[in-house]
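Below: input-v4.txt (compact mmCIF, C-alpha atoms)
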# COMPACT_ATOMS: atom_id res chain seq x y z
CA MET Z 1 6.17 45.24 2.73
CA ASN Z 2 9.78 44.29 3.31
CA PHE Z 3 11.66 41.31 1.91
CA HIS Z 4 11.37 39.08 5.00
CA LYS Z 5 7.71 39.88 5.56
CA ARG Z 6 6.82 38.90 2.01
CA VAL Z 7 8.83 35.69 2.22
CA LEU Z 8 7.19 34.90 5.56
CA LEU Z 9 3.66 35.45 4.24
CA GLY Z 10 4.45 33.58 1.03
CA SER Z 11 5.90 30.63 2.94
CA LEU Z 12 2.83 30.51 5.19
CA LEU Z 13 0.63 30.31 2.07
CA VAL Z 14 2.79 27.48 0.73
CA VAL Z 15 3.01 25.47 3.94
CA PHE Z 16 -0.60 25.76 5.08
CA ASP Z 17 -3.46 24.34 3.05
CA PHE Z 18 -6.97 25.34 3.98
CA ASN Z 19 -9.56 23.59 1.86
CA VAL Z 20 -13.17 24.65 1.41
CA ASN Z 21 -15.18 22.27 -0.77
CA ALA Z 22 -11.93 20.64 -1.93
CA ILE Z 23 -10.58 24.03 -3.06
CA ASP Z 24 -7.42 25.32 -1.42
CA VAL Z 25 -8.25 28.90 -0.41
CA LEU Z 26 -4.57 29.47 0.36
CA PRO Z 27 -3.16 28.33 -2.99
CA ASP Z 28 0.55 27.58 -3.12
CA PHE Z 29 1.11 29.46 -6.35
CA LEU Z 30 0.14 32.74 -4.64
CA GLY Z 31 2.70 32.01 -1.92
CA PHE Z 32 5.45 31.29 -4.44
CA PHE Z 33 4.48 34.43 -6.38
CA LEU Z 34 4.68 36.53 -3.22
CA ILE Z 35 8.15 35.13 -2.51
CA ALA Z 36 9.11 35.98 -6.12
CA THR Z 37 8.05 39.59 -5.55
CA ALA Z 38 10.13 39.62 -2.35
CA PHE Z 39 13.22 38.65 -4.35
CA ASP Z 40 12.35 41.41 -6.82
CA SER Z 41 12.82 43.98 -4.08
CA VAL Z 42 16.53 43.13 -3.80
CA LYS Z 43 18.79 43.85 -6.74
CA THR Z 44 21.43 41.13 -6.62
CA LYS Z 45 22.32 38.21 -8.86
CA GLU Z 46 21.26 35.71 -6.18
CA ALA Z 47 17.91 37.46 -5.77
CA GLN Z 48 17.33 37.10 -9.52
CA VAL Z 49 18.01 33.37 -9.36
CA GLY Z 50 15.75 33.05 -6.31
CA GLN Z 51 13.02 34.97 -8.14
CA THR Z 52 13.29 32.70 -11.19
CA ILE Z 53 13.03 29.57 -9.01
CA SER Z 54 10.01 31.05 -7.20
CA LEU Z 55 8.27 31.88 -10.47
CA VAL Z 56 8.87 28.35 -11.81
CA LEU Z 57 7.37 26.97 -8.59
CA ALA Z 58 4.40 29.36 -8.93
CA VAL Z 59 3.74 28.17 -12.50
CA ILE Z 60 4.00 24.48 -11.55
CA SER Z 61 1.69 25.01 -8.55
CA PHE Z 62 -0.79 26.87 -10.73
CA ILE Z 63 -0.87 24.00 -13.25
CA LEU Z 64 -1.31 21.51 -10.41
CA LEU Z 65 -4.49 23.31 -9.39
CA PHE Z 66 -6.05 21.80 -12.51
CA VAL Z 67 -4.07 18.57 -12.89
CA ARG Z 68 -4.44 16.05 -10.10
CA LEU Z 69 -1.27 14.26 -9.03
CA GLU Z 70 -2.80 10.83 -9.43
CA PRO Z 71 -2.15 8.04 -11.89
CA THR Z 72 -5.74 8.30 -13.07
CA GLY Z 73 -5.43 11.94 -13.95
CA TYR Z 74 -5.53 12.82 -17.63
CA LEU Z 75 -1.97 14.15 -17.75
CA VAL Z 76 -0.52 11.13 -16.00
CA LEU Z 77 1.09 8.48 -18.14
CA TYR Z 78 2.21 6.08 -15.46
CA SER Z 79 2.31 5.70 -11.76
CA PHE Z 80 5.62 7.33 -10.90
CA TYR Z 81 4.55 10.63 -12.44
CA PRO Z 82 3.60 12.13 -9.03
CA PHE Z 83 6.99 11.14 -7.64
CA VAL Z 84 8.81 12.79 -10.53
CA ILE Z 85 6.83 16.03 -10.23
CA GLU Z 86 7.02 16.16 -6.45
CA SER Z 87 10.74 15.47 -6.47
CA VAL Z 88 11.28 18.42 -8.84
CA ILE Z 89 9.14 20.67 -6.63
CA GLY Z 90 11.02 19.50 -3.53
CA ALA Z 91 14.40 20.20 -5.11
CA LEU Z 92 13.31 23.67 -6.23
CA ILE Z 93 11.94 24.50 -2.77
CA ILE Z 94 15.26 23.58 -1.15
CA LEU Z 95 17.09 25.81 -3.63
CA GLN Z 96 14.58 28.58 -2.98
CA LEU Z 97 15.19 28.30 0.78
CA ALA Z 98 18.94 28.55 0.22
CA TYR Z 99 18.49 31.71 -1.86
CA VAL Z 100 16.19 33.21 0.78
CA PHE Z 101 19.00 32.85 3.33
CA ILE Z 102 21.61 34.28 0.94
CA VAL Z 103 19.48 37.27 -0.01
CA SER Z 104 18.53 37.78 3.64
CA THR Z 105 22.24 38.06 4.46
CA GLN Z 106 22.71 40.53 1.61
CA ARG Z 107 19.72 42.54 2.80
CA LEU Z 108 20.81 42.69 6.42
CA PRO Z 109 24.61 42.36 6.36
CA GLU Z 110 24.93 43.81 9.85
CA LEU Z 111 23.35 40.61 11.26
CA GLY Z 112 26.11 38.47 9.80
CA THR Z 113 25.58 35.32 7.77
CA GLY Z 114 22.03 33.98 7.83
CA ILE Z 115 22.76 30.66 6.15
CA PRO Z 116 22.02 27.87 8.67
CA LYS Z 117 23.93 24.81 7.52
CA VAL Z 118 22.11 22.49 9.92
CA PHE Z 119 18.72 23.63 8.59
CA LEU Z 120 19.69 23.15 4.95
CA GLY Z 121 21.39 19.85 5.79
CA ALA Z 122 18.17 18.68 7.45
CA GLN Z 123 16.19 19.73 4.40
CA LEU Z 124 18.51 17.75 2.13
CA PHE Z 125 18.29 14.73 4.42
CA ILE Z 126 14.48 14.84 4.56
CA TYR Z 127 14.36 15.22 0.79
CA ALA Z 128 16.63 12.23 0.22
CA ALA Z 129 14.93 10.13 2.89
CA THR Z 130 11.51 10.74 1.32
CA GLY Z 131 12.87 9.10 -1.81
CA LEU Z 132 13.33 5.85 0.10
CA THR Z 133 9.63 5.57 0.92
CA PRO Z 134 8.69 3.26 -2.01
CA HIS Z 135 11.09 0.63 -0.66
CA PHE Z 136 9.14 0.13 2.55
CA THR Z 137 5.85 -1.60 3.16
CA ALA Z 138 2.88 0.74 3.60
CA SER Z 139 2.93 0.40 7.40
CA GLU Z 140 6.69 0.97 7.60
CA ALA Z 141 6.40 3.87 5.17
CA GLY Z 142 3.69 5.39 7.39
CA THR Z 143 6.06 5.49 10.39
CA TRP Z 144 8.92 6.72 8.20
CA VAL Z 145 6.84 9.52 6.72
CA ILE Z 146 5.55 10.62 10.14
CA GLY Z 147 9.17 10.95 11.29
CA LEU Z 148 10.01 13.03 8.24
CA VAL Z 149 6.94 15.22 8.71
CA VAL Z 150 7.91 15.89 12.33
CA GLY Z 151 11.41 16.81 11.12
CA SER Z 152 9.91 19.15 8.53
CA VAL Z 153 7.66 20.82 11.11
CA VAL Z 154 10.65 21.49 13.38
CA CYS Z 155 12.60 22.90 10.42
CA TYR Z 156 9.77 25.19 9.38
CA MET Z 157 9.26 26.42 12.94
CA TYR Z 158 12.90 27.48 12.91
CA TYR Z 159 12.47 29.02 9.45
CA PHE Z 160 9.41 31.05 10.41
CA GLY Z 161 11.15 32.22 13.59
CA PHE Z 162 14.15 33.28 11.53
CA LEU Z 163 11.98 35.22 9.09
CA TRP Z 164 9.93 36.82 11.89
CA LYS Z 165 12.99 38.14 13.70
CA ARG Z 166 14.55 39.46 10.52
CA LYS Z 167 11.24 40.96 9.37
CA SER Z 168 11.10 43.03 12.56
CA PHE Z 169 14.73 44.04 12.32
CA GLU Z 170 14.36 44.99 8.65
CA ARG Z 171 11.29 47.07 9.46
CA GLU Z 172 13.01 48.93 12.26
CA THR Z 173 16.24 49.60 10.42
CA ARG Z 174 15.12 50.02 6.81
CA GLU Z 175 11.50 51.18 6.84
CA LEU Z 176 10.68 53.31 9.91
CA PRO Z 177 11.61 57.03 9.61
CA VAL Z 178 14.74 58.01 11.51
CA LYS Z 179 13.73 59.46 14.84
CA THR Z 180 15.28 62.77 15.69
CA LEU Z 181 16.18 63.31 19.28
CA VAL Z 182 15.04 66.73 20.29
CA GLN Z 183 16.75 68.19 23.24
CA PHE Z 184 14.88 70.86 25.12
CA PRO Z 185 16.88 73.59 26.76
CA GLN Z 186 17.24 73.19 30.45
CA MET S 187 26.38 27.81 -4.08
CA LYS S 188 27.49 25.74 -7.06
CA LYS S 189 28.22 22.82 -4.71
CA PHE S 190 24.76 23.13 -3.19
CA TRP S 191 23.18 22.99 -6.65
CA ILE S 192 25.21 19.87 -7.43
CA VAL S 193 24.08 18.21 -4.17
CA VAL S 194 20.43 19.03 -4.90
CA VAL S 195 20.70 17.72 -8.48
CA VAL S 196 22.39 14.53 -7.25
CA LEU S 197 19.60 14.01 -4.69
CA LEU S 198 17.00 14.65 -7.41
CA GLY S 199 18.69 11.93 -9.47
CA PHE S 200 18.66 9.67 -6.41
CA ARG S 201 14.91 10.22 -6.01
CA TRP S 202 14.27 9.32 -9.64
CA LEU S 203 16.59 6.33 -9.45
CA SER S 204 14.78 5.18 -6.33
CA VAL S 205 11.42 5.27 -8.12
CA GLY S 206 12.98 3.56 -11.14
CA VAL S 207 14.27 0.73 -8.92
CA TYR S 208 10.81 0.38 -7.36
CA GLU S 209 9.15 0.22 -10.79
CA ALA S 210 11.67 -2.38 -11.97
CA LYS S 211 11.10 -4.59 -8.94
CA THR S 212 7.33 -4.43 -8.67
CA VAL S 213 4.65 -5.77 -11.03
CA ASP S 214 3.11 -3.72 -13.83
CA GLU S 215 -0.12 -5.65 -13.93
CA PRO S 216 -1.67 -7.65 -11.12
CA VAL S 217 -0.96 -11.39 -11.09
CA VAL S 218 -3.89 -13.59 -10.07
CA VAL S 219 -2.63 -16.46 -7.91
CA ALA S 220 -5.77 -18.18 -6.64
CA SER S 221 -9.48 -18.40 -7.19
CA GLN S 222 -11.83 -20.74 -5.43
CA MET S 223 -15.55 -21.24 -5.13
CA ASN S 224 -16.17 -22.65 -1.68
CA MET S 225 -19.69 -24.01 -1.61
CA GLU S 226 -19.37 -24.86 2.07
CA LEU S 227 -18.77 -21.19 2.91
CA ASN S 228 -21.05 -19.77 0.17
CA SER S 229 -18.08 -17.70 -0.98
CA VAL S 230 -15.88 -17.08 -3.98
CA PHE S 231 -12.30 -16.08 -3.29
CA VAL S 232 -9.81 -14.43 -5.64
CA SER S 233 -6.27 -13.41 -4.75
CA TYR S 234 -3.82 -11.34 -6.74
CA ILE S 235 -0.34 -9.93 -6.37
CA THR S 236 -0.09 -6.22 -7.00
CA LYS S 237 2.25 -3.32 -6.32
CA THR S 238 2.37 -1.83 -2.83
CA LEU S 239 2.07 1.76 -4.05
CA GLU S 240 -1.26 2.24 -5.75
CA PRO S 241 -2.38 -1.39 -5.63
CA ALA S 242 -4.77 -2.53 -8.34
CA ASP S 243 -8.40 -2.31 -7.31
CA VAL S 244 -11.11 -4.70 -8.45
CA GLU S 245 -13.86 -3.34 -10.66
CA LYS S 246 -15.80 -6.57 -10.99
CA VAL S 247 -15.48 -10.34 -11.01
CA GLU S 248 -17.17 -12.19 -13.84
CA ILE S 249 -18.28 -15.81 -13.56
CA ASN S 250 -20.31 -17.46 -16.34
CA GLY S 251 -21.23 -14.02 -17.66
CA TYR S 252 -22.53 -12.82 -14.30
CA ASN S 253 -20.81 -9.83 -12.79
CA PHE S 254 -20.04 -9.41 -9.12
CA ALA S 255 -18.94 -5.93 -8.22
CA PRO S 256 -18.39 -3.87 -5.09
CA GLY S 257 -21.31 -1.82 -3.92
CA ASN S 258 -25.02 -2.21 -4.32
CA GLY S 259 -27.03 -3.16 -7.37
CA ASP S 260 -24.06 -4.22 -9.42
CA ILE S 261 -25.03 -7.83 -9.98
CA PHE S 262 -27.48 -8.29 -12.77
CA PHE S 263 -30.83 -10.01 -12.36
CA PHE S 264 -30.65 -10.41 -8.60
CA GLU S 265 -32.34 -8.48 -5.88
CA GLU S 266 -29.98 -9.49 -3.15
CA THR S 267 -26.53 -8.20 -3.91
CA PRO S 268 -23.49 -10.32 -3.17
CA GLN S 269 -20.82 -8.21 -1.53
CA ILE S 270 -17.21 -8.03 -2.57
CA ASN S 271 -14.64 -7.19 0.04
CA ALA S 272 -11.00 -6.70 -0.94
CA GLN S 273 -8.45 -6.94 1.78
CA LEU S 274 -4.72 -6.92 2.17
CA GLU S 275 -3.46 -10.42 2.92
CA VAL S 276 0.27 -9.88 3.04
CA GLU S 277 2.62 -7.07 2.15
CA TYR S 278 6.32 -6.86 1.36
CA PRO S 279 8.32 -3.83 0.14
CA TYR S 280 7.51 -4.24 -3.56
CA HIS S 281 4.53 -6.59 -3.65
CA ALA S 282 1.30 -7.15 -1.82
CA ILE S 283 -1.35 -9.83 -2.04
CA TYR S 284 -4.94 -8.65 -1.97
CA SER S 285 -7.84 -11.05 -1.80
CA VAL S 286 -11.41 -10.49 -2.82
CA THR S 287 -14.23 -12.36 -1.16
CA ILE S 288 -17.63 -12.57 -2.82
CA GLN S 289 -20.11 -13.57 -0.16
CA LEU S 290 -23.16 -15.16 -1.78
CA PRO S 291 -26.37 -14.60 0.17
CA HIS S 292 -27.75 -18.07 -0.50
CA ASP S 293 -27.21 -21.31 -2.44
CA GLY S 294 -29.44 -20.14 -5.30
CA TYR S 295 -26.53 -18.47 -7.00
CA TYR S 296 -24.80 -21.77 -7.63
CA GLU S 297 -27.20 -22.81 -10.36
CA PHE S 298 -25.85 -19.89 -12.39
CA ILE S 299 -22.17 -20.22 -11.61
CA GLU S 300 -21.56 -23.76 -10.41
CA ASN S 301 -20.33 -25.15 -13.75
CA ALA S 302 -17.90 -22.31 -14.27
CA GLU S 303 -14.36 -23.40 -14.96
CA THR S 304 -12.78 -19.98 -15.16
CA LEU S 305 -13.27 -16.65 -13.52
CA THR S 306 -12.40 -13.26 -15.02
CA ILE S 307 -11.33 -10.48 -12.75
CA HIS S 308 -11.57 -6.92 -14.11
CA PHE S 309 -9.29 -4.38 -12.49
CA GLY S 310 -9.77 -0.65 -12.11
CA ASP S 311 -7.09 0.08 -14.71
CA GLU S 312 -9.34 -1.67 -17.28
CA SER S 313 -7.07 -4.73 -17.51
CA SER S 314 -8.58 -8.14 -16.92
CA GLN S 315 -7.35 -11.66 -16.34
CA SER S 316 -8.98 -15.05 -16.52
CA PHE S 317 -7.98 -17.72 -14.07
CA PRO S 318 -9.05 -21.36 -13.52
CA LEU S 319 -11.73 -21.49 -10.84
CA GLN S 320 -11.19 -24.20 -8.28
CA VAL S 321 -14.48 -25.49 -6.91
CA LEU S 322 -14.70 -26.87 -3.40
CA GLN S 323 -17.97 -28.77 -3.23
CA LYS S 324 -20.09 -29.01 -0.12
CA LEU S 325 -18.47 -31.56 2.13
CA PRO S 326 -20.52 -34.64 2.92
CA LEU S 327 -21.62 -34.82 6.53
CA ASN S 328 -20.00 -37.61 8.49
CA ASN S 329 -19.47 -37.70 12.23
CA VAL S 330 -17.47 -40.89 12.61
CA LEU S 331 -14.41 -38.80 13.50
CA VAL S 332 -14.80 -35.85 15.88
CA SER S 333 -12.02 -33.33 16.40
CA GLN S 334 -10.57 -33.29 19.91
CA SER S 335 -7.65 -30.89 19.76
CA TRP S 336 -5.57 -28.89 17.33
CA VAL S 337 -2.03 -27.55 17.49
CA GLY S 338 -0.63 -25.46 14.67
CA SER S 339 2.41 -23.47 13.68
CA ASN S 340 3.68 -21.92 10.49
CA GLU S 341 5.11 -25.27 9.46
CA THR S 342 2.88 -28.04 10.75
CA GLN S 343 -0.63 -28.68 11.97
CA THR S 344 -1.55 -31.51 14.29
CA GLU S 345 -5.18 -32.42 14.78
CA SER S 346 -6.45 -35.22 17.03
CA TYR S 347 -9.74 -37.01 16.42
CA ARG S 348 -11.81 -39.54 18.34
CA ALA S 349 -13.72 -42.27 16.47
CA GLN S 350 -17.43 -42.18 17.24
CA ASP S 351 -18.19 -45.44 15.49
CA ASP S 352 -16.54 -48.51 14.04
CA PHE S 353 -15.37 -48.19 10.42
CA ILE S 354 -12.70 -49.35 8.01
CA LEU S 355 -10.20 -46.77 6.78
CA MET S 356 -9.42 -47.58 3.16
CA ASP S 357 -7.36 -44.65 1.91
CA ILE S 358 -5.90 -41.28 2.93
CA ILE S 359 -5.46 -38.68 0.16
CA PRO S 360 -4.28 -35.16 0.99
CA ASP S 361 -4.94 -32.33 -1.46
CA GLU S 362 -2.05 -30.92 -3.45
CA ARG S 363 -1.34 -28.12 -0.96
CA ILE S 364 -0.80 -30.53 1.95
CA GLU S 365 1.84 -33.09 2.77
CA ILE S 366 0.97 -35.74 5.35
CA LEU S 367 3.86 -35.91 7.79
CA SER S 368 2.49 -38.48 10.19
CA VAL S 369 -0.70 -40.42 10.96
CA ARG S 370 -1.10 -42.18 14.30
CA LEU S 371 -3.80 -44.55 15.44
CA ASN S 372 -3.78 -44.96 19.23
CA ASP S 373 -0.21 -43.63 19.23
CA LYS S 374 0.89 -46.20 16.67
CA GLU S 375 2.44 -44.74 13.52
CA LEU S 376 0.69 -45.64 10.27
CA LYS S 377 2.31 -45.84 6.89
CA VAL S 378 0.73 -43.48 4.34
CA PRO S 379 -0.52 -44.37 1.79
CA LEU S 380 -2.01 -47.37 3.52
CA ASP S 381 -0.83 -50.79 2.48
CA GLU S 382 -4.16 -52.33 3.36
CA PRO S 383 -7.50 -51.22 4.84
CA LEU S 384 -7.39 -50.55 8.54
CA SER S 385 -10.09 -51.22 11.11
CA ILE S 386 -10.86 -48.37 13.47
CA SER S 387 -13.02 -48.92 16.53
CA LYS S 388 -15.25 -46.56 18.42
CA GLY S 389 -13.15 -44.56 20.94
CA ASP S 390 -9.88 -44.91 19.03
CA SER S 391 -7.57 -41.91 18.89
CA PHE S 392 -6.64 -40.79 15.38
CA VAL S 393 -3.96 -38.10 14.91
CA VAL S 394 -2.96 -36.42 11.65
CA VAL S 395 0.18 -34.28 11.38
CA GLN S 396 0.37 -32.33 8.15
CA SER S 397 2.43 -29.59 6.62
CA ASP S 398 1.01 -26.09 6.60
CA SER S 399 0.79 -24.03 3.43
CA PRO S 400 0.63 -20.31 2.82
CA ALA S 401 -2.98 -19.11 2.83
CA LEU S 402 -3.60 -17.19 -0.38
CA PHE S 403 -6.84 -15.75 0.94
CA LEU S 404 -8.45 -15.39 4.32
CA GLY S 405 -9.25 -18.80 5.79
CA GLU S 406 -8.07 -20.90 2.86
CA TRP S 407 -8.69 -24.56 3.56
CA GLY S 408 -6.68 -27.67 3.05
CA THR S 409 -8.45 -31.02 2.97
CA VAL S 410 -7.42 -34.58 3.64
CA GLN S 411 -9.80 -37.04 2.05
CA LEU S 412 -10.37 -40.30 3.92
CA THR S 413 -12.13 -43.12 2.12
CA ILE S 414 -14.05 -45.12 4.72
CA LYS S 415 -16.40 -48.11 4.82
CA GLU S 416 -18.99 -48.29 7.53
CA GLU S 417 -20.89 -51.45 8.29
CA PHE S 418 -23.89 -52.01 5.99
CA ARG S 419 -22.94 -48.93 3.91
CA GLU S 420 -21.17 -48.22 0.65
CA PRO S 421 -17.65 -46.72 0.87
CA SER S 422 -17.81 -42.96 1.31
CA GLU S 423 -15.52 -39.96 1.58
CA LEU S 424 -14.80 -38.15 4.79
CA PHE S 425 -12.95 -34.82 4.64
CA LEU S 426 -10.67 -33.50 7.37
CA VAL S 427 -10.55 -29.74 6.93
CA SER S 428 -7.86 -27.39 8.23
CA ALA S 429 -7.27 -23.69 7.62
CA PHE S 430 -3.80 -22.70 6.53
CA ASN S 431 -1.84 -20.62 9.00
CA SER S 432 1.18 -19.22 7.26
CA ARG S 433 1.47 -16.31 4.88
CA PRO S 434 3.06 -16.47 1.41
CA SER S 435 6.76 -15.66 1.61
CA GLU S 436 8.43 -12.84 -0.26
CA GLU S 437 10.40 -15.43 -2.27
CA TRP S 438 7.22 -17.24 -3.30
CA ILE S 439 5.62 -13.98 -4.43
CA GLN S 440 8.72 -13.02 -6.40
CA ALA S 441 8.70 -16.42 -8.08
CA GLN S 442 5.07 -15.93 -9.13
CA VAL S 443 5.85 -12.46 -10.44
CA GLN S 444 8.86 -13.75 -12.37
CA GLU S 445 6.78 -16.54 -13.85
CA ALA S 446 4.13 -14.04 -14.93
CA LYS S 447 6.77 -11.78 -16.48
CA ASN S 448 8.24 -14.70 -18.44
CA LYS S 449 4.87 -15.64 -19.95

Please lay out the structure from this file as structure tokens.
Amino acid sequence: MNFHKRVLLGSLLVVFDFNVNAIDVLPDFLGFFLIATAFDSVKTKEAQVGQTISLVLAVISFILLFVRLEPTGYLVLYSFYPFVIESVIGALIILQLAYVFIVSTQRLPELGTGIPKVFLGAQLFIYAATGLTPHFTASEAGTWVIGLVVGSVVCYMYYFGFLWKRKSFERETRELPVKTLVQFPQ
Amino acid sequence: MKKFWIVVVVLLGFRWLSVGVYEAKTVDEPVVVASQMNMELNSVFVSYITKTLEPADVEKVEINGYNFAPGNGDIFFFEETPQINAQLEVEYPYHAIYSVTIQLPHDGYYEFIENAETLTIHFGDESSQSFPLQVLQKLPLNNVLVSQSWVGSNETQTESYRAQDDFILMDIIPDERIEILSVRLNDKELKVPLDEPLSISKGDSFVVVQSDSPALFLGEWGTVQLTIKEEFREPSELFLVSAFNSRPSEEWIQAQVQEAKNK
């Protein structure tokens, strides 16, 4: 499985939650772990950093399977605990995305730079804007969060499209055996 | 890439600062601002200020050792279970007022709780607060004044009455939440408090203009007590009842929170 395919599958596991009896059958930590293995397939300094970030995210997500992000949970000391944890996860995910684009460019240099500034700028904006939510009333925050969710959906549609295209290109140029053109005598 | 890391770390700091500002501005523990037993409505009301994110929930309300709690079978010794409903009254960015209504199924409960002077509200976080319980007794029936029309805004309420019988108006006493702005008898302005008793005849028009107050719970009442003397009867009290229209302001809530923090 090539780099882009693993990142794509891992990201799908992270983004989509499918619960059966309150258990997420597509756990995020598996997605982050798959992305970490994707980084492992590329031997660059940036891929190592991306792998480390992905592994940290996998560990945090694994712990969160057992620790609820609620103030009543046994590991929670006070109410802003979920915000602190989620803000760390959010920051790490943005960094992970940036390293995916860098490593993607290193993996497929013939496609030119794959670092979309608008996409990363939008991610940073959504991340910062989410931090303003506590300063609204619940009804205002509801509207605000819906807007941010729509923005995130658009961003991830772009991201998945990006990975899909590059997955196919990587497969064709790096994985399929070179076809030999056989010319038959006239 | 170093710049990108710096931006992400700065935004992470912004997120934490944002939560820190929220925590500094909101209340740690709920602040009870009103409790009333309204015997006319067979209800007990409790209101409290709490934070907007993760507002405090009520575990039970204790009056005279009797517990009223949400759900079924939570009140001791009674078959019929009074219901507690908590609802959001007003919300601002850092504070919200929730009110709890305990609807009593019948008057029988009063013999257990009617002499209560305080009420203790237990919150879901295991904190509890006691608060003086205001008791609004059943209002005596009197039909000498019948309401004709009512006009209200967030600042004033004007209610017109028609006298159904002859009587002498001896005194007008508004409760502490109301200010009488004007009283008119047949379009003639009266001075309040009255200098001397006033005769009112059947068919007279009686208009009371009063200030409105913020309702701390759904349908909070204000009362104006009239002391009247009907022919061949002892002086009695007549209550003009009006529901408050306006909502507590953000400034008022902040003042209550500040007062609670200073205690």

Just need the residues of chain S within 12 Å of chain Z, counting all atoms listed in the file, so spit them out as a VMD selection string. chain S and resid 187 to 215 237 to 242 274 276 to 282 310 to 312

Distance of CA of Val153 (chain Z) from CA of Asp17 (chain Z), expressed in Å to one decimal place: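 Distance between the two atoms: 14.2 Å.
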
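Proximity to Ile85 (chain Z) was assessed for Z:Leu55, Z:Ser61, Z:Phe66, Z:Leu108 counting only C-alpha atoms; the smallest distance is recorded for Z:Ser61.
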
Which residues, written as a PyMOL selection string, have at least one atom at most 8 Å from region 4-15 of chain Z, with only C-alpha atoms counted and residues fewer than 2 positions away on the same chain left out? chain Z and resi 1-2+17+26-35+37-38+100+104+160+163-164+166-167+170

Report, in Å to a single decimal, how far apart CA of Leu376 (chain S) and CA of Glu420 (chain S) are. 24.0 Å

Have a look at CA of Ser152 (chain Z) and CA of Ile126 (chain Z) and let me know their distance in Å, one decimal.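 Atom-to-atom, CA of Ser152 (chain Z) and CA of Ile126 (chain Z) are spaced 7.4 Å apart.
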
Shell of 10 Å around Glu226 (chain S), all atoms listed in the file, local chain residues under 2 positions omitted, as a PyMOL selection string: chain S and resi 223-224+228-229+293+322-326

Best match for closeness to Thr344 (chain S) among S:Thr413, S:Gln222, S:Ser428, S:Ser399, counting only C-alpha atoms: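 Checking each candidate against Thr344 (chain S), we get S:Ser428 as the closest.
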
Can you tell me which residues surround region 295-308 of chain S at a distance of at most 10 Å, considering all atoms listed in the file, apart from same-chain residues fewer than 5 positions away, and format the answer as a ChimeraX atom specification? /S:218,221-223,225,228,230,232-234,242-255,264,268,286,290,313-321,323

Could you give me, as a PDB file with C-alpha atoms, keeping the file's coordinate frame, the residues within 12 Å of Gly389 (chain S), counting all atoms listed in the file and dropping anything in the same chain fewer than 2 positions from it?
ATOM      1  CA  VAL S 330     -17.470 -40.890  12.610  1.00  0.00           C
ATOM      2  CA  LEU S 331     -14.410 -38.800  13.500  1.00  0.00           C
ATOM      3  CA  VAL S 332     -14.800 -35.850  15.880  1.00  0.00           C
ATOM      4  CA  GLN S 334     -10.570 -33.290  19.910  1.00  0.00           C
ATOM      5  CA  TYR S 347      -9.740 -37.010  16.420  1.00  0.00           C
ATOM      6  CA  ARG S 348     -11.810 -39.540  18.340  1.00  0.00           C
ATOM      7  CA  ALA S 349     -13.720 -42.270  16.470  1.00  0.00           C
ATOM      8  CA  GLN S 350     -17.430 -42.180  17.240  1.00  0.00           C
ATOM      9  CA  ASP S 351     -18.190 -45.440  15.490  1.00  0.00           C
ATOM     10  CA  ASP S 352     -16.540 -48.510  14.040  1.00  0.00           C
ATOM     11  CA  PHE S 353     -15.370 -48.190  10.420  1.00  0.00           C
ATOM     12  CA  LEU S 371      -3.800 -44.550  15.440  1.00  0.00           C
ATOM     13  CA  ASN S 372      -3.780 -44.960  19.230  1.00  0.00           C
ATOM     14  CA  ILE S 386     -10.860 -48.370  13.470  1.00  0.00           C
ATOM     15  CA  SER S 387     -13.020 -48.920  16.530  1.00  0.00           C
ATOM     16  CA  SER S 391      -7.570 -41.910  18.890  1.00  0.00           C
ATOM     17  CA  PHE S 392      -6.640 -40.790  15.380  1.00  0.00           C
TER      18      PHE S 392
END

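Nearest residue to Ser385 (chain S), choosing from S:Gln343, S:Gln273, S:Thr236, S:Asp357 and counting only C-alpha atoms: S:Asp357.
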
When distances are computed from all atoms listed in the file, which of S:Glu345, S:Lys449, S:Pro360, S:Asn431 shows the smallest separation from Ala401 (chain S)?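 That would be S:Asn431, the residue with the smallest distance to Ala401 (chain S).
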